[in-house]
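So this block is entry_9.cif, mmCIF, C-alpha atoms:
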```
data_structure
loop_
_atom_site.label_atom_id
_atom_site.label_comp_id
_atom_site.auth_asym_id
_atom_site.auth_seq_id
_atom_site.Cartn_x
_atom_site.Cartn_y
_atom_site.Cartn_z
CA MET A 1 0.00 0.00 0.00
CA THR A 2 1.37 3.43 -0.93
CA ALA A 3 1.96 5.92 1.88
CA PRO A 4 -0.82 8.46 2.35
CA ASP A 5 0.02 12.09 1.65
CA VAL A 6 -0.91 13.22 5.14
CA GLY A 7 -1.75 11.93 8.61
CA VAL A 8 -2.98 13.66 11.76
CA ILE A 9 -1.96 12.94 15.35
CA GLY A 10 -4.61 14.14 17.79
CA ALA A 11 -8.37 13.65 17.45
CA GLY A 12 -9.40 16.81 19.28
CA GLY A 13 -11.15 19.72 17.61
CA TRP A 14 -8.11 21.16 15.82
CA GLY A 15 -6.71 17.82 14.71
CA THR A 16 -10.09 16.74 13.36
CA ALA A 17 -10.54 20.07 11.56
CA LEU A 18 -7.14 19.59 9.88
CA ALA A 19 -8.15 16.08 8.82
CA ILE A 20 -11.37 17.44 7.34
CA LEU A 21 -9.47 20.13 5.43
CA THR A 22 -6.85 17.82 3.99
CA ALA A 23 -9.48 15.22 3.06
CA GLN A 24 -11.42 17.75 0.97
CA SER A 25 -9.47 16.84 -2.18
CA GLY A 26 -10.52 13.19 -1.89
CA ARG A 27 -7.36 11.80 -0.25
CA GLU A 28 -7.46 9.34 2.64
CA VAL A 29 -6.35 10.88 5.94
CA PRO A 30 -5.64 8.60 8.92
CA LEU A 31 -6.49 10.34 12.20
CA TRP A 32 -4.96 8.99 15.41
CA GLY A 33 -6.41 9.48 18.88
CA HIS A 34 -5.21 8.18 22.24
CA ASP A 35 -8.67 7.04 23.41
CA PRO A 36 -9.83 3.85 21.60
CA GLU A 37 -13.43 4.36 22.75
CA HIS A 38 -13.51 7.88 21.32
CA ILE A 39 -11.99 6.74 18.02
CA GLY A 40 -14.42 3.82 17.80
CA LEU A 41 -17.39 6.11 18.34
CA MET A 42 -16.12 8.53 15.69
CA GLU A 43 -15.78 5.70 13.19
CA SER A 44 -19.25 4.33 13.87
CA THR A 45 -21.12 7.67 13.90
CA ARG A 46 -18.82 9.59 11.52
CA VAL A 47 -19.00 12.55 13.92
CA ASN A 48 -16.50 13.77 16.52
CA GLU A 49 -19.29 14.55 18.95
CA LYS A 50 -16.90 15.25 21.82
CA TYR A 51 -15.04 18.11 20.13
CA LEU A 52 -16.92 19.03 16.93
CA PRO A 53 -20.58 18.12 17.46
CA GLY A 54 -22.74 18.16 14.37
CA VAL A 55 -19.87 18.06 11.86
CA LYS A 56 -20.02 15.05 9.53
CA LEU A 57 -16.63 13.52 8.83
CA PRO A 58 -15.70 13.00 5.16
CA ARG A 59 -15.41 9.42 3.97
CA GLY A 60 -11.64 9.75 3.58
CA ILE A 61 -10.96 10.28 7.29
CA LEU A 62 -9.87 6.99 8.82
CA GLY A 63 -9.90 7.02 12.62
CA THR A 64 -7.29 4.76 14.18
CA LYS A 65 -5.79 3.91 17.56
CA ASN A 66 -2.69 2.44 15.89
CA LEU A 67 0.10 5.00 15.50
CA VAL A 68 1.77 2.99 12.74
CA ASP A 69 -1.25 3.61 10.50
CA VAL A 70 -0.55 7.36 10.63
CA VAL A 71 3.23 7.77 10.68
CA ARG A 72 3.55 6.23 7.19
CA ALA A 73 2.40 9.61 5.86
CA GLU A 74 4.70 12.00 4.01
CA VAL A 75 3.40 14.92 6.08
CA LEU A 76 2.29 14.46 9.67
CA PHE A 77 0.29 17.10 11.56
CA ILE A 78 0.70 16.92 15.34
CA ALA A 79 -2.21 18.48 17.23
CA VAL A 80 -2.06 17.26 20.82
CA PRO A 81 -2.09 19.32 24.05
CA SER A 82 1.35 20.66 24.96
CA LYS A 83 1.61 18.58 28.13
CA TYR A 84 1.40 15.36 26.10
CA LEU A 85 3.62 16.43 23.19
CA SER A 86 6.91 15.00 24.43
CA GLU A 87 5.40 11.60 25.21
CA VAL A 88 3.62 11.39 21.85
CA CYS A 89 6.79 12.38 19.99
CA SER A 90 8.71 9.60 21.72
CA ARG A 91 6.15 7.17 20.37
CA ILE A 92 6.40 8.70 16.89
CA ALA A 93 10.19 8.32 17.01
CA GLU A 94 9.84 4.61 17.80
CA ALA A 95 7.35 4.11 14.98
CA THR A 96 9.46 5.99 12.39
CA SER A 97 12.89 4.57 13.21
CA ASP A 98 13.80 4.00 9.53
CA ARG A 99 12.32 7.20 8.06
CA CYS A 100 10.53 10.33 9.15
CA PRO A 101 7.79 12.45 7.55
CA ILE A 102 7.68 16.22 7.58
CA LEU A 103 6.34 17.00 11.05
CA VAL A 104 4.00 19.97 11.39
CA SER A 105 3.46 21.17 14.95
CA CYS A 106 -0.04 22.55 15.47
CA THR A 107 0.34 22.72 19.25
CA LYS A 108 0.54 26.16 20.88
CA GLY A 109 2.42 26.69 24.09
CA VAL A 110 5.72 27.22 25.89
CA GLU A 111 7.12 24.42 28.03
CA GLN A 112 7.09 25.44 31.67
CA GLU A 113 10.24 23.78 32.96
CA ARG A 114 12.72 24.91 30.30
CA GLY A 115 10.86 27.50 28.25
CA PHE A 116 11.07 25.32 25.12
CA LEU A 117 8.85 26.07 22.15
CA MET A 118 6.89 23.12 20.78
CA SER A 119 9.23 22.69 17.80
CA GLU A 120 12.12 22.35 20.25
CA VAL A 121 10.24 19.70 22.22
CA ILE A 122 9.69 17.75 18.99
CA ALA A 123 13.30 18.19 17.84
CA GLU A 124 14.54 16.84 21.15
CA ARG A 125 12.61 13.60 20.68
CA ILE A 126 12.93 13.33 16.87
CA PRO A 127 16.18 15.13 15.98
CA SER A 128 16.29 13.91 12.37
CA ALA A 129 12.85 15.30 11.47
CA THR A 130 12.13 18.17 9.12
CA LEU A 131 10.01 20.46 11.28
CA ALA A 132 7.31 22.95 10.39
CA VAL A 133 4.73 24.82 12.46
CA LEU A 134 1.19 25.98 11.66
CA SER A 135 -0.60 28.86 13.31
CA GLY A 136 -3.09 31.65 12.66
CA PRO A 137 -6.60 32.86 13.51
CA ASN A 138 -8.10 29.39 13.29
CA LEU A 139 -11.16 28.39 15.31
CA ALA A 140 -11.55 24.68 14.72
CA ALA A 141 -15.35 24.69 14.56
CA GLU A 142 -15.45 27.28 11.76
CA ILE A 143 -12.80 25.49 9.72
CA ALA A 144 -14.60 22.17 10.14
CA HIS A 145 -17.79 23.79 8.80
CA GLY A 146 -15.96 24.99 5.70
CA ILE A 147 -15.89 28.68 6.60
CA PRO A 148 -12.92 30.40 4.89
CA ALA A 149 -9.80 30.90 6.99
CA ALA A 150 -6.08 31.49 6.61
CA GLY A 151 -2.92 30.54 8.45
CA VAL A 152 0.85 30.54 8.13
CA ILE A 153 3.28 27.63 7.84
CA GLY A 154 6.69 28.25 9.36
CA CYS A 155 9.64 26.17 8.20
CA GLU A 156 13.30 26.85 7.50
CA ASP A 157 13.17 24.39 4.59
CA GLN A 158 11.38 26.17 1.75
CA GLN A 159 10.63 22.97 -0.17
CA ALA A 160 9.07 21.38 2.91
CA SER A 161 6.91 24.43 3.66
CA GLU A 162 5.66 24.49 0.08
CA ALA A 163 4.85 20.77 0.27
CA VAL A 164 2.71 21.41 3.34
CA GLN A 165 1.17 24.48 1.69
CA ARG A 166 0.07 22.41 -1.33
CA LEU A 167 -2.01 20.16 0.94
CA PHE A 168 -4.44 23.06 1.39
CA ALA A 169 -4.70 24.00 -2.30
CA GLY A 170 -8.33 24.03 -3.41
CA THR A 171 -9.67 23.97 0.15
CA THR A 172 -11.37 26.68 2.21
CA PHE A 173 -8.05 27.33 3.99
CA ARG A 174 -5.48 29.70 2.53
CA ALA A 175 -1.96 28.88 3.72
CA TYR A 176 0.98 31.29 3.59
CA THR A 177 4.63 30.41 4.28
CA SER A 178 7.34 31.95 6.44
CA GLN A 179 10.78 31.05 7.73
CA ASP A 180 10.20 32.65 11.15
CA VAL A 181 9.54 29.41 13.01
CA ARG A 182 10.11 30.99 16.44
CA GLY A 183 7.96 34.07 15.86
CA ILE A 184 5.02 32.09 14.52
CA GLN A 185 5.03 29.84 17.58
CA LEU A 186 5.43 32.71 20.01
CA GLY A 187 2.47 34.58 18.54
CA GLY A 188 0.33 31.45 18.74
CA ALA A 189 1.34 30.76 22.33
CA LEU A 190 1.34 34.25 23.85
CA LYS A 191 -2.03 35.28 22.41
CA ASN A 192 -3.72 32.66 24.61
CA ILE A 193 -2.63 34.57 27.71
CA PHE A 194 -4.04 37.82 26.37
CA ALA A 195 -7.28 36.06 25.43
CA ILE A 196 -7.70 35.19 29.11
CA ALA A 197 -7.21 38.88 29.95
CA ALA A 198 -9.79 39.91 27.34
CA GLY A 199 -12.21 37.35 28.73
CA VAL A 200 -11.72 38.73 32.23
CA SER A 201 -12.48 42.23 30.92
CA ASP A 202 -15.69 40.99 29.29
CA GLY A 203 -16.64 38.99 32.36
CA LEU A 204 -16.29 42.10 34.49
CA GLY A 205 -18.51 43.96 32.02
CA LEU A 206 -15.91 46.62 31.25
CA GLY A 207 -17.17 47.26 27.73
CA GLU A 208 -15.84 47.59 24.19
CA ASN A 209 -13.45 50.49 24.83
CA ALA A 210 -11.64 48.61 27.59
CA ARG A 211 -11.34 45.46 25.49
CA ALA A 212 -9.98 47.40 22.49
CA ALA A 213 -7.40 49.17 24.66
CA LEU A 214 -6.40 45.90 26.31
CA VAL A 215 -5.92 44.04 23.02
CA THR A 216 -3.95 46.94 21.54
CA ARG A 217 -1.54 46.95 24.48
CA ALA A 218 -1.44 43.14 24.34
CA LEU A 219 -0.09 43.36 20.79
CA VAL A 220 2.66 45.69 21.99
CA GLU A 221 3.52 43.32 24.83
CA MET A 222 3.41 40.24 22.59
CA THR A 223 5.72 41.88 20.07
CA ARG A 224 8.16 43.11 22.71
CA LEU A 225 8.49 39.71 24.37
CA GLY A 226 8.34 37.81 21.09
CA ILE A 227 11.26 39.72 19.61
CA ALA A 228 13.29 39.23 22.80
CA MET A 229 12.63 35.49 22.51
CA GLY A 230 13.86 35.34 18.92
CA GLY A 231 10.86 36.19 16.72
CA LYS A 232 10.84 38.76 13.91
CA HIS A 233 8.92 42.01 14.32
CA ALA A 234 6.90 41.61 11.10
CA THR A 235 5.58 38.20 12.17
CA PHE A 236 3.60 39.71 15.05
CA GLY A 237 1.77 41.95 12.61
CA GLY A 238 0.69 38.91 10.59
CA LEU A 239 -1.71 35.98 10.82
CA SER A 240 0.03 34.22 13.71
CA GLY A 241 0.38 37.51 15.62
CA ILE A 242 -2.35 40.11 15.47
CA GLY A 243 -4.61 37.77 13.47
CA ASP A 244 -4.63 35.03 16.08
CA LEU A 245 -4.71 37.61 18.87
CA MET A 246 -7.90 39.20 17.52
CA VAL A 247 -9.89 36.01 17.06
CA THR A 248 -9.01 34.57 20.46
CA CYS A 249 -9.60 37.83 22.30
CA PHE A 250 -12.89 38.64 20.59
CA SER A 251 -14.54 35.25 20.11
CA PRO A 252 -16.62 33.57 22.84
CA ARG A 253 -15.69 30.28 21.11
CA SER A 254 -12.10 30.71 22.27
CA ARG A 255 -11.40 28.40 25.23
CA ASN A 256 -8.97 30.89 26.73
CA HIS A 257 -11.49 33.72 26.42
CA GLN A 258 -14.06 31.50 28.12
CA VAL A 259 -11.67 30.86 31.01
CA GLY A 260 -11.10 34.59 31.48
CA PHE A 261 -14.80 35.39 31.14
CA LYS A 262 -15.73 32.91 33.85
CA LEU A 263 -12.96 34.21 36.10
CA GLY A 264 -14.33 37.71 35.61
CA ARG A 265 -17.77 36.46 36.60
CA GLY A 266 -16.40 35.12 39.87
CA GLU A 267 -15.91 31.41 39.17
CA SER A 268 -12.83 29.70 40.60
CA LEU A 269 -10.14 28.43 38.28
CA SER A 270 -10.47 24.89 39.63
CA SER A 271 -14.18 24.75 38.84
CA ILE A 272 -13.59 26.21 35.38
CA ILE A 273 -10.95 23.60 34.56
CA SER A 274 -13.17 20.85 35.93
CA SER A 275 -16.08 21.98 33.75
CA MET A 276 -13.89 21.83 30.62
CA GLY A 277 -13.41 18.08 30.91
CA SER A 278 -10.79 16.99 28.37
CA MET A 279 -10.67 20.43 26.74
CA VAL A 280 -7.44 22.38 27.28
CA ALA A 281 -6.93 26.15 27.56
CA GLU A 282 -3.22 26.47 26.74
CA GLY A 283 -3.05 30.02 28.10
CA ILE A 284 -3.20 28.70 31.67
CA PRO A 285 0.17 26.89 31.70
CA THR A 286 1.71 29.29 29.18
CA ALA A 287 1.17 32.35 31.41
CA SER A 288 3.75 31.34 34.01
CA SER A 289 6.16 30.09 31.31
CA ALA A 290 5.96 33.44 29.52
CA GLN A 291 6.39 35.38 32.76
CA GLN A 292 9.52 33.38 33.60
CA ALA A 293 10.94 34.05 30.13
CA ALA A 294 10.15 37.77 30.43
CA ARG A 295 11.94 38.03 33.76
CA ARG A 296 14.92 36.12 32.43
CA LEU A 297 15.14 38.53 29.48
CA SER A 298 14.26 41.67 31.53
CA VAL A 299 11.18 42.39 29.40
CA GLU A 300 8.27 44.35 30.86
CA THR A 301 5.00 42.34 30.61
CA PRO A 302 2.29 43.96 32.77
CA ILE A 303 -0.66 42.08 31.23
CA ILE A 304 1.04 38.69 31.48
CA ASP A 305 2.00 39.49 35.08
CA GLU A 306 -1.59 40.31 36.04
CA VAL A 307 -3.02 37.24 34.28
CA THR A 308 -0.48 35.06 36.08
CA ALA A 309 -1.43 36.64 39.42
CA VAL A 310 -5.13 35.97 38.80
CA LEU A 311 -4.50 32.36 37.71
CA GLY A 312 -2.32 31.82 40.76
CA GLY A 313 -4.93 33.23 43.14
CA GLN A 314 -2.77 36.17 44.24
CA LYS A 315 -5.21 38.75 42.86
CA THR A 316 -8.87 39.01 42.02
CA PRO A 317 -9.76 39.84 38.41
CA ALA A 318 -11.02 43.27 39.48
CA ASP A 319 -7.79 44.04 41.35
CA ALA A 320 -5.72 42.93 38.36
CA MET A 321 -7.59 45.26 36.01
CA LYS A 322 -7.27 48.09 38.51
CA ALA A 323 -3.51 47.50 38.67
CA LEU A 324 -3.23 47.79 34.89
CA MET A 325 -5.16 51.07 34.90
CA SER A 326 -3.08 52.59 37.72
CA ARG A 327 0.36 52.02 36.21
CA ASP A 328 2.72 55.00 35.86
CA LEU A 329 1.84 57.44 33.10
CA ARG A 330 3.97 57.15 29.98
CA ALA A 331 4.17 57.86 26.25
CA GLU A 332 2.67 55.34 23.83
CA GLU A 333 5.32 53.23 22.14
#
```
What would you get if you wrote out this structure as structure tokens?
Amino acid sequence: MTAPDVGVIGAGGWGTALAILTAQSGREVPLWGHDPEHIGLMESTRVNEKYLPGVKLPRGILGTKNLVDVVRAEVLFIAVPSKYLSEVCSRIAEATSDRCPILVSCTKGVEQERGFLMSEVIAERIPSATLAVLSGPNLAAEIAHGIPAAGVIGCEDQQASEAVQRLFAGTTFRAYTSQDVRGIQLGGALKNIFAIAAGVSDGLGLGENARAALVTRALVEMTRLGIAMGGKHATFGGLSGIGDLMVTCFSPRSRNHQVGFKLGRGESLSSIISSMGSMVAEGIPTASSAQQAARRLSVETPIIDEVTAVLGGQKTPADAMKALMSRDLRAEE
């Protein structure tokens, strides 16, 4: 049997949406998930009811619990929560000992212990792999329903990035390319923290003006920290920067916005996390990772600091917003 063009690791909302996109041209797309019961239900009902209710899966999507079925692909999208990425990559390395596909990281986050980006976590486990990253203003539910969207593929290997880009040709997803692998990942990770802040603002009922001001200053903060961490300035003005920032800060479908909104309404973080079940809001672990990086690099990050204080229980949402408004007067950068 010839190797499929593409496979997807991670049967959550984003992984399933990517499988739907890449199956639009009629190709077969194996989709791996860690939970055999979940995969079995998807195969029998042809719906990922847990993460994308109501979306019918194309015939070409082949749900599997066997990793070997997926890693034969030429291009492999990895869309698992950041806390599981290292473990999953170890399993991929074992299953691809003789060869390795182009690996596309679709996971957004910064490792807490060492401050590694997701591409660095993958490279540590699979050092021989050609690595790419995918990010942008991409809500999985909209993409799965065929609503037009765009994103950016980051890869230092131009031929590899164009190979990934061609997978989306003729679909409802427009893919651009870039060589700023670090900047694309940093925009995708940091915006989740600011989406929590925007959700808090909305939960407190502070209005449109406050949200607009907050998101504007978030872009400044994201760019400042992102450049210090190795990203390029122009990247933060693109799809993986301001584009992703806007959709996650403005959309009630954003998990991170939902977390902030509920915090602003007075719910505890523990109850919010419990209510999310297997869903993950990556901004929660990323906040402390980003704050540690900012302190290490001597970068001022007032919004990240306040979000971290709220998540850690050191401040109430109202006190955090008050602290942002009472900072020393200064010129706009």
What is the CA of Ser271 (chain A) to CA of Gln258 (chain A) distance in Å?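 CA of Ser271 (chain A) sits 12.7 Å away from CA of Gln258 (chain A).
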Give as a PyMOL selection string the residues that the PyMOL selection byres ((chain A and resi 235-245) around 7) matches when applied to the coordinates above. chain A and resi 135-137+151-152+183-184+187-188+191+219+223+232-234+246-249
Contacts of His34 (chain A) within 10 Å, all atoms listed in the file, excl. fewer than 6 positions in-chain, as a VMD selection string: chain A and resid 9 to 11 64 to 67 80 88
Taking the file as I've supplied it (selection: the PyMOL selection byres ((chain A and resi 267) around 12)), which residues are included? Please answer as JSON, numbers by chain. {"A": [200, 203, 204, 258, 259, 260, 261, 262, 263, 264, 265, 266, 268, 269, 270, 271, 272, 273, 274, 275, 310, 311, 313, 316, 317]}
Under the rule that all atoms listed in the file are counted, which of A:Ala228, A:Ala212, A:Ala149, A:Leu18 is the nearest residue to Ala293 (chain A)? A:Ala228
